[in-house]
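Peer 1: The structure file structure_32.cif (mmCIF, C-alpha atoms and all ligand atoms) is provided below.
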```cif
data_final
loop_
_atom_site.group_PDB
_atom_site.id
_atom_site.type_symbol
_atom_site.label_atom_id
_atom_site.label_comp_id
_atom_site.auth_asym_id
_atom_site.auth_seq_id
_atom_site.Cartn_x
_atom_site.Cartn_y
_atom_site.Cartn_z
ATOM 1 C CA LEU A 1 8.536 12.274 -60.249
ATOM 2 C CA GLN A 2 10.053 11.867 -56.889
ATOM 3 C CA SER A 3 8.829 15.044 -55.264
ATOM 4 C CA PRO A 4 5.238 13.954 -54.443
ATOM 5 C CA VAL A 5 6.588 10.835 -52.820
ATOM 6 C CA ALA A 6 9.118 12.803 -50.857
ATOM 7 C CA SER A 7 6.647 15.363 -49.633
ATOM 8 C CA GLY A 8 4.141 12.664 -48.821
ATOM 9 C CA PHE A 9 6.757 10.876 -46.865
ATOM 10 C CA LEU A 10 7.785 14.034 -45.048
ATOM 11 C CA GLY A 11 4.190 14.899 -44.250
ATOM 12 C CA GLY A 12 3.602 11.490 -42.835
ATOM 13 C CA ASN A 13 6.719 11.698 -40.826
ATOM 14 C CA THR A 14 5.708 15.018 -39.303
ATOM 15 C CA ALA A 15 2.363 13.610 -38.313
ATOM 16 C CA VAL A 16 4.022 10.640 -36.718
ATOM 17 C CA MET A 17 6.438 12.894 -34.923
ATOM 18 C CA SER A 18 3.783 15.125 -33.457
ATOM 19 C CA ALA A 19 1.691 12.203 -32.385
ATOM 20 C CA PHE A 20 4.758 10.783 -30.769
ATOM 21 C CA SER A 21 5.527 14.044 -28.961
ATOM 22 C CA LEU A 22 1.978 14.221 -27.740
ATOM 23 C CA LEU A 23 2.110 10.665 -26.497
ATOM 24 C CA HIS A 24 5.442 11.413 -24.937
ATOM 25 C CA LEU A 25 4.013 14.426 -23.168
ATOM 26 C CA VAL A 26 1.051 12.518 -21.862
ATOM 27 C CA THR A 27 3.215 9.682 -20.623
ATOM 28 C CA LYS A 28 5.684 12.050 -19.098
ATOM 29 C CA SER A 29 3.076 14.083 -17.278
ATOM 30 C CA GLN A 30 1.578 11.104 -15.503
ATOM 31 C CA PRO A 31 4.026 10.787 -12.624
ATOM 32 C CA VAL A 32 3.786 14.517 -11.986
ATOM 33 C CA ALA A 33 0.025 14.459 -11.692
ATOM 34 C CA LEU A 34 -0.087 13.058 -8.186
ATOM 35 C CA ARG A 35 -3.160 11.119 -7.364
ATOM 36 C CA PRO A 36 -5.256 13.473 -5.296
ATOM 37 C CA CYS A 37 -5.724 11.924 -1.888
ATOM 38 C CA GLY A 38 -9.258 13.259 -1.674
ATOM 39 C CA LEU A 39 -8.703 14.352 1.865
ATOM 40 C CA PRO A 40 -10.085 17.451 3.537
ATOM 41 C CA SER A 41 -6.919 19.190 4.571
ATOM 42 C CA GLY A 42 -3.221 18.837 4.972
ATOM 43 C CA SER A 43 -0.868 17.773 2.285
ATOM 44 C CA CYS A 44 0.627 14.482 1.322
ATOM 45 C CA ARG A 45 4.302 14.826 1.785
ATOM 46 C CA ASP A 46 7.166 12.570 0.969
ATOM 47 C CA LYS A 47 9.213 11.340 3.899
ATOM 48 C CA LYS A 48 12.307 13.038 2.582
ATOM 49 C CA THR A 49 10.717 16.449 2.374
ATOM 50 C CA TYR A 50 9.846 16.894 6.033
ATOM 51 C CA LYS A 51 11.243 20.095 7.374
ATOM 52 C CA VAL A 52 12.531 18.619 10.580
ATOM 53 C CA VAL A 53 14.626 15.492 10.447
ATOM 54 C CA PHE A 54 16.055 13.728 13.476
ATOM 55 C CA SER A 55 18.483 10.860 13.477
ATOM 56 C CA GLN A 56 16.949 7.580 14.564
ATOM 57 C CA GLU A 57 19.766 7.262 17.099
ATOM 58 C CA GLU A 58 18.862 10.531 18.746
ATOM 59 C CA LEU A 59 15.186 9.635 18.818
ATOM 60 C CA ARG A 60 15.851 6.247 20.392
ATOM 61 C CA LYS A 61 17.675 8.032 23.209
ATOM 62 C CA ARG A 62 15.228 10.876 23.630
ATOM 63 C CA LEU A 63 11.910 9.062 23.335
ATOM 64 C CA THR A 64 10.513 6.254 25.434
ATOM 65 C CA PRO A 65 10.321 2.899 23.610
ATOM 66 C CA LEU A 66 6.565 3.400 23.190
ATOM 67 C CA GLN A 67 6.918 6.949 21.897
ATOM 68 C CA TYR A 68 9.525 5.732 19.440
ATOM 69 C CA HIS A 69 7.433 2.770 18.317
ATOM 70 C CA VAL A 70 4.299 4.843 17.783
ATOM 71 C CA THR A 71 5.853 7.881 16.101
ATOM 72 C CA GLN A 72 8.574 6.208 14.053
ATOM 73 C CA GLU A 73 7.127 2.759 13.388
ATOM 74 C CA ARG A 74 3.495 3.807 13.080
ATOM 75 C CA GLY A 75 2.551 1.854 16.139
ATOM 76 C CA THR A 76 -0.585 2.145 18.240
ATOM 77 C CA GLU A 77 -0.643 2.312 22.004
ATOM 78 C CA SER A 78 -3.112 0.197 23.948
ATOM 79 C CA ALA A 79 -6.535 1.769 24.306
ATOM 80 C CA PHE A 80 -7.209 3.526 27.620
ATOM 81 C CA ARG A 81 -3.529 3.250 28.563
ATOM 82 C CA GLY A 82 -2.280 6.545 27.157
ATOM 83 C CA LYS A 83 -1.533 9.324 29.595
ATOM 84 C CA PHE A 84 -3.608 11.896 27.719
ATOM 85 C CA THR A 85 -6.770 9.875 27.148
ATOM 86 C CA ASP A 86 -8.540 11.396 30.145
ATOM 87 C CA HIS A 87 -6.341 14.455 30.372
ATOM 88 C CA LYS A 88 -8.441 17.575 30.858
ATOM 89 C CA GLU A 89 -6.057 20.444 31.533
ATOM 90 C CA GLU A 90 -6.190 23.502 29.347
ATOM 91 C CA GLY A 91 -3.345 24.004 26.985
ATOM 92 C CA THR A 92 -1.782 22.866 23.768
ATOM 93 C CA TYR A 93 -0.887 19.385 22.586
ATOM 94 C CA THR A 94 2.320 19.297 20.590
ATOM 95 C CA CYS A 95 4.229 16.713 18.598
ATOM 96 C CA VAL A 96 6.382 14.747 21.052
ATOM 97 C CA VAL A 97 9.150 14.495 18.480
ATOM 98 C CA CYS A 98 9.534 18.061 17.192
ATOM 99 C CA GLY A 99 7.337 20.216 19.429
ATOM 100 C CA THR A 100 5.021 21.506 16.710
ATOM 101 C CA PRO A 101 1.650 22.591 18.169
ATOM 102 C CA LEU A 102 -1.048 20.209 16.931
ATOM 103 C CA PHE A 103 -4.239 20.452 18.982
ATOM 104 C CA LYS A 104 -5.874 22.792 21.471
ATOM 105 C CA SER A 105 -7.398 21.324 24.612
ATOM 106 C CA THR A 106 -10.609 23.146 23.678
ATOM 107 C CA THR A 107 -11.124 20.747 20.764
ATOM 108 C CA LYS A 108 -10.525 17.614 22.821
ATOM 109 C CA PHE A 109 -13.568 15.491 23.532
ATOM 110 C CA ASP A 110 -14.356 12.165 25.133
ATOM 111 C CA SER A 111 -14.920 9.783 22.260
ATOM 112 C CA GLY A 112 -14.968 6.657 24.398
ATOM 113 C CA SER A 113 -12.448 5.121 22.021
ATOM 114 C CA GLY A 114 -9.675 4.950 24.584
ATOM 115 C CA TRP A 115 -7.439 7.371 22.764
ATOM 116 C CA PRO A 116 -7.216 11.148 22.996
ATOM 117 C CA SER A 117 -9.684 12.544 20.482
ATOM 118 C CA PHE A 118 -9.936 15.987 18.951
ATOM 119 C CA PHE A 119 -12.475 17.456 16.558
ATOM 120 C CA ASP A 120 -10.132 19.983 15.030
ATOM 121 C CA LEU A 121 -6.515 20.875 14.429
ATOM 122 C CA ILE A 122 -4.753 23.919 15.793
ATOM 123 C CA THR A 123 -4.058 24.909 12.161
ATOM 124 C CA PRO A 124 -5.061 23.085 8.975
ATOM 125 C CA GLU A 125 -1.390 22.612 8.091
ATOM 126 C CA ALA A 126 -0.446 20.984 11.389
ATOM 127 C CA VAL A 127 -0.845 17.424 10.185
ATOM 128 C CA CYS A 128 -0.319 15.546 6.987
ATOM 129 C CA LEU A 129 -3.027 13.124 5.904
ATOM 130 C CA THR A 130 -2.276 9.957 3.986
ATOM 131 C CA ASP A 131 -4.151 6.824 3.018
ATOM 132 C CA ASP A 132 -3.432 3.857 5.225
ATOM 133 C CA PHE A 133 -4.468 0.459 3.904
ATOM 134 C CA SER A 134 -2.913 -1.622 6.669
ATOM 135 C CA TYR A 135 -4.900 -4.338 8.441
ATOM 136 C CA GLY A 136 -7.118 -4.787 5.402
ATOM 137 C CA MET A 137 -9.007 -1.539 5.846
ATOM 138 C CA HIS A 138 -8.819 1.978 4.591
ATOM 139 C CA ARG A 139 -8.085 4.623 7.147
ATOM 140 C CA VAL A 140 -6.654 8.089 6.953
ATOM 141 C CA GLU A 141 -3.364 8.303 8.760
ATOM 142 C CA THR A 142 -2.370 11.542 10.476
ATOM 143 C CA SER A 143 1.255 12.477 10.896
ATOM 144 C CA CYS A 144 3.098 15.596 11.995
ATOM 145 C CA SER A 145 3.526 17.853 8.991
ATOM 146 C CA GLN A 146 6.909 19.041 10.227
ATOM 147 C CA CYS A 147 8.737 15.836 11.133
ATOM 148 C CA GLY A 148 6.490 13.057 9.837
ATOM 149 C CA ALA A 149 5.895 11.484 13.251
ATOM 150 C CA HIS A 150 2.928 9.121 13.163
ATOM 151 C CA LEU A 151 0.119 10.513 15.306
ATOM 152 C CA GLY A 152 -2.951 8.393 14.735
ATOM 153 C CA HIS A 153 -5.923 8.393 12.386
ATOM 154 C CA LEU A 154 -8.712 10.672 11.259
ATOM 155 C CA PHE A 155 -12.336 9.534 11.167
ATOM 156 C CA ASP A 156 -15.507 11.200 10.012
ATOM 157 C CA ASP A 157 -17.638 10.407 13.040
ATOM 158 C CA GLY A 158 -16.655 13.321 15.252
ATOM 159 C CA PRO A 159 -18.905 15.898 16.888
ATOM 160 C CA ARG A 160 -19.929 19.268 15.538
ATOM 161 C CA PRO A 161 -18.895 21.606 14.162
ATOM 162 C CA THR A 162 -16.312 19.677 12.127
ATOM 163 C CA GLY A 163 -17.637 16.133 12.260
ATOM 164 C CA LYS A 164 -14.025 15.021 12.435
ATOM 165 C CA ARG A 165 -12.418 12.771 14.978
ATOM 166 C CA TYR A 166 -8.662 12.920 15.202
ATOM 167 C CA CYS A 167 -7.859 9.749 17.100
ATOM 168 C CA ILE A 168 -4.356 10.329 18.407
ATOM 169 C CA ASN A 169 -1.901 8.252 20.421
ATOM 170 C CA SER A 170 -0.898 9.838 23.720
ATOM 171 C CA ALA A 171 2.603 8.602 22.974
ATOM 172 C CA SER A 172 2.792 10.971 19.998
ATOM 173 C CA LEU A 173 1.901 13.990 22.102
ATOM 174 C CA ALA A 174 3.456 16.337 24.589
ATOM 175 C CA PHE A 175 1.414 18.875 26.504
ATOM 176 C CA LEU A 176 1.955 22.530 27.273
ATOM 177 C CA LEU A 177 -0.192 24.118 29.949
ATOM 178 C CA GLU A 178 -1.979 27.258 28.828
ATOM 179 C CA ALA A 179 0.400 29.434 30.853
ATOM 180 C CA GLN A 180 3.436 27.715 29.392
ATOM 181 C CA ALA A 181 2.178 27.841 25.851
ATOM 182 C CA SER A 182 1.383 31.533 25.911
ATOM 183 C CA GLY A 183 4.194 32.472 28.283
ATOM 184 C CA THR A 184 7.769 33.148 27.301
ATOM 185 C CA SER A 185 9.690 30.032 26.517
ATOM 186 C CA GLY A 186 8.435 27.337 28.814
ATOM 187 C CA THR A 187 11.332 25.252 29.963
ATOM 188 C CA SER A 188 9.381 22.096 30.296
ATOM 189 C CA ALA A 189 6.095 20.704 29.219
ATOM 190 C CA SER A 190 4.021 18.509 31.495
ATOM 191 C CA GLY A 191 6.334 16.819 33.962
ATOM 192 C CA GLU A 192 5.400 13.273 32.970
ATOM 193 C CA GLY A 193 6.720 13.598 29.465
ATOM 194 C CA ALA A 194 10.004 11.832 28.938
ATOM 195 C CA GLY A 195 12.657 14.211 27.645
ATOM 196 C CA LYS A 196 11.089 15.991 24.784
ATOM 197 C CA GLU A 197 12.325 18.743 22.645
ATOM 198 C CA GLU A 198 11.049 22.233 23.061
ATOM 199 C CA GLY A 199 11.091 24.408 20.063
ATOM 200 C CA GLY A 200 7.607 24.319 18.675
ATOM 201 C CA GLY A 201 6.821 27.252 20.910
ATOM 202 C CA LEU A 202 5.400 30.173 19.084
HETATM 203 ZN ZN ZN B 1 6.656 16.526 14.652
#
```
As structure tokens, what does this structure read like?
Ligand SMILES: [Zn+2]
Peer 2:
Amino acid sequence: LQSPVASGFLGGNTAVMSAFSLLHLVTKSQPVALRPCGLPSGSCRDKKTYKVVFSQEELRKRLTPLQYHVTQERGTESAFRGKFTDHKEEGTYTCVVCGTPLFKSTTKFDSGSGWPSFFDLITPEAVCLTDDFSYGMHRVETSCSQCGAHLGHLFDDGPRPTGKRYCINSASLAFLLEAQASGTSGTSASGEGAGKEEGGGL
């Protein structure tokens, strides 16, 4: 007399269990499935996973106050005040913090925005793109993929062939003349840069 009840009970229990496991799986998988940022290139990286990490103390000593503010506190330099806005020499623009090559002078163009503007990256992996909702608007923030330094923003109103406009703070950049970039190990980048680290190199 008891067996049908027992088996019924067991059956029900199994069903409940599997539904529970399924639910558990679904719930558990949610944090792993990162919201795609819907951005063209680069990867969204967590601060802690940057390959190059500098102590804030060291950076405060090595960078100018403006370079520190822009790269570490996501600041923005005044328009038309940056040293690279009208800079036209041929070479490579690197991250002022870690020296990673970011842009080629051949992709620099005059956007009229007051900030150095580029229509392409030196490599697709050079910068990390993230959503920036500050100031009540949505922009795409660009930061150095190696050290996380804030660089500027990416807009979709650039010239051909990419249609992209990387609007970058001069304070986030260092510059290597063509000869220095392709030469051995250049000992210094453009003279005006306040003590910056070499090491991006090749
Ligand atoms: Zn960097």
Peer 1: Which polymer residues have any atom within 7 Å of an atom of A:Lys104, counting only C-alpha atoms, with same-chain residues fewer than 3 positions away left out, as a PyMOL selection string?
Peer 2: chain A and resi 91-93+107+122
Peer 1: Take the PyMOL selection byres (((chain A and resi 162-167) around 6) and not hetatm), run it mentally on this structure, and tell me the resulting residues as a list in words.
Peer 2: Ser117, Phe118, Phe119, Gly152, His153, Leu154, Phe155, Asp156, Asp157, Gly158, Pro159, Arg160, Pro161 and Ile168 of chain A
Peer 1: Please find the residues contacting ligand ZN 1 (chain B) at a distance of at most 10 Å between atoms, with all atoms listed in the file counted, and report them as a list in words.
Peer 2: Tyr50, Lys51, Val52, Val53, Phe54, Thr71, Thr94, Cys95, Val96, Val97, Cys98, Gly99, Thr100, Pro101, Leu102, Ala126, Val127, Ser143, Cys144, Ser145, Gln146, Cys147, Gly148, Ala149, His150, Leu151, Ser172, Leu173 and Gly200 of chain A
Peer 1: Would you save the residues from that selection as a PDB file, keeping the file's coordinate frame, using C-alpha atoms?
Peer 2:
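And here's out14.pdb as it stands now:
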```
ATOM      1  CA  TYR A  50       9.846  16.894   6.033  1.00  0.00           C
ATOM      2  CA  LYS A  51      11.243  20.095   7.374  1.00  0.00           C
ATOM      3  CA  VAL A  52      12.531  18.619  10.580  1.00  0.00           C
ATOM      4  CA  VAL A  53      14.626  15.492  10.447  1.00  0.00           C
ATOM      5  CA  PHE A  54      16.055  13.728  13.476  1.00  0.00           C
ATOM      6  CA  THR A  71       5.853   7.881  16.101  1.00  0.00           C
ATOM      7  CA  THR A  94       2.320  19.297  20.590  1.00  0.00           C
ATOM      8  CA  CYS A  95       4.229  16.713  18.598  1.00  0.00           C
ATOM      9  CA  VAL A  96       6.382  14.747  21.052  1.00  0.00           C
ATOM     10  CA  VAL A  97       9.150  14.495  18.480  1.00  0.00           C
ATOM     11  CA  CYS A  98       9.534  18.061  17.192  1.00  0.00           C
ATOM     12  CA  GLY A  99       7.337  20.216  19.429  1.00  0.00           C
ATOM     13  CA  THR A 100       5.021  21.506  16.710  1.00  0.00           C
ATOM     14  CA  PRO A 101       1.650  22.591  18.169  1.00  0.00           C
ATOM     15  CA  LEU A 102      -1.048  20.209  16.931  1.00  0.00           C
ATOM     16  CA  ALA A 126      -0.446  20.984  11.389  1.00  0.00           C
ATOM     17  CA  VAL A 127      -0.845  17.424  10.185  1.00  0.00           C
ATOM     18  CA  SER A 143       1.255  12.477  10.896  1.00  0.00           C
ATOM     19  CA  CYS A 144       3.098  15.596  11.995  1.00  0.00           C
ATOM     20  CA  SER A 145       3.526  17.853   8.991  1.00  0.00           C
ATOM     21  CA  GLN A 146       6.909  19.041  10.227  1.00  0.00           C
ATOM     22  CA  CYS A 147       8.737  15.836  11.133  1.00  0.00           C
ATOM     23  CA  GLY A 148       6.490  13.057   9.837  1.00  0.00           C
ATOM     24  CA  ALA A 149       5.895  11.484  13.251  1.00  0.00           C
ATOM     25  CA  HIS A 150       2.928   9.121  13.163  1.00  0.00           C
ATOM     26  CA  LEU A 151       0.119  10.513  15.306  1.00  0.00           C
ATOM     27  CA  SER A 172       2.792  10.971  19.998  1.00  0.00           C
ATOM     28  CA  LEU A 173       1.901  13.990  22.102  1.00  0.00           C
ATOM     29  CA  GLY A 200       7.607  24.319  18.675  1.00  0.00           C
TER      30      GLY A 200
END
```
Peer 1: One decimal, in Å: what's the spacing between atom CA of A:Glu77 and atom CA of A:Glu141?
Peer 2: 14.8 Å
Peer 1: Which of these residues is nearest to A:Thr142, using all atoms listed in the file: A:Asp110, A:Glu125, A:Glu89, A:Glu57?
Peer 2: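 The answer is A:Glu125, which sits nearest to A:Thr142.
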Peer 1: When you draw a straight line from atom CA of A:Ala171 to atom CA of A:Lys83, how long is it in Å?
Peer 2: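 Value for the atom CA of A:Ala171-atom CA of A:Lys83 distance: 7.8 Å.
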Peer 1: Looking at all atoms listed in the file, which of A:Asp131, A:Arg139, A:Ser105, A:Asp120 is the one that sits closest to A:Thr85?
Peer 2: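 Residue with the minimum atom-to-atom distance to A:Thr85: A:Ser105.
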Peer 1: Specify as a VMD selection string each residue included when the PyMOL selection byres (((chain A and resi 112) around 10) and not hetatm) is applied to this file.
Peer 2: chain A and resid 79 to 80 85 to 86 109 to 111 113 to 117
Peer 1: Of the candidates A:Ser55, A:Ser170, A:Ser134, A:Thr64, which shows the shortest atom-to-atom distance to A:Phe84, using only C-alpha atoms?
Peer 2: A:Ser170
Peer 1: Between A:Thr106, A:Gln67, A:Thr49, A:Asn169, which is the closest to A:Leu121 once you count all atoms listed in the file?
Peer 2: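 Among the listed residues, the smallest separation from A:Leu121 belongs to A:Thr106.
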Peer 1: Kindly give the distance, in Å, that separates atom CA of A:Thr123 and atom CA of A:His87, rounded to a single decimal.
Peer 2: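 Between atom CA of A:Thr123 and atom CA of A:His87 the gap works out to 21.1 Å.
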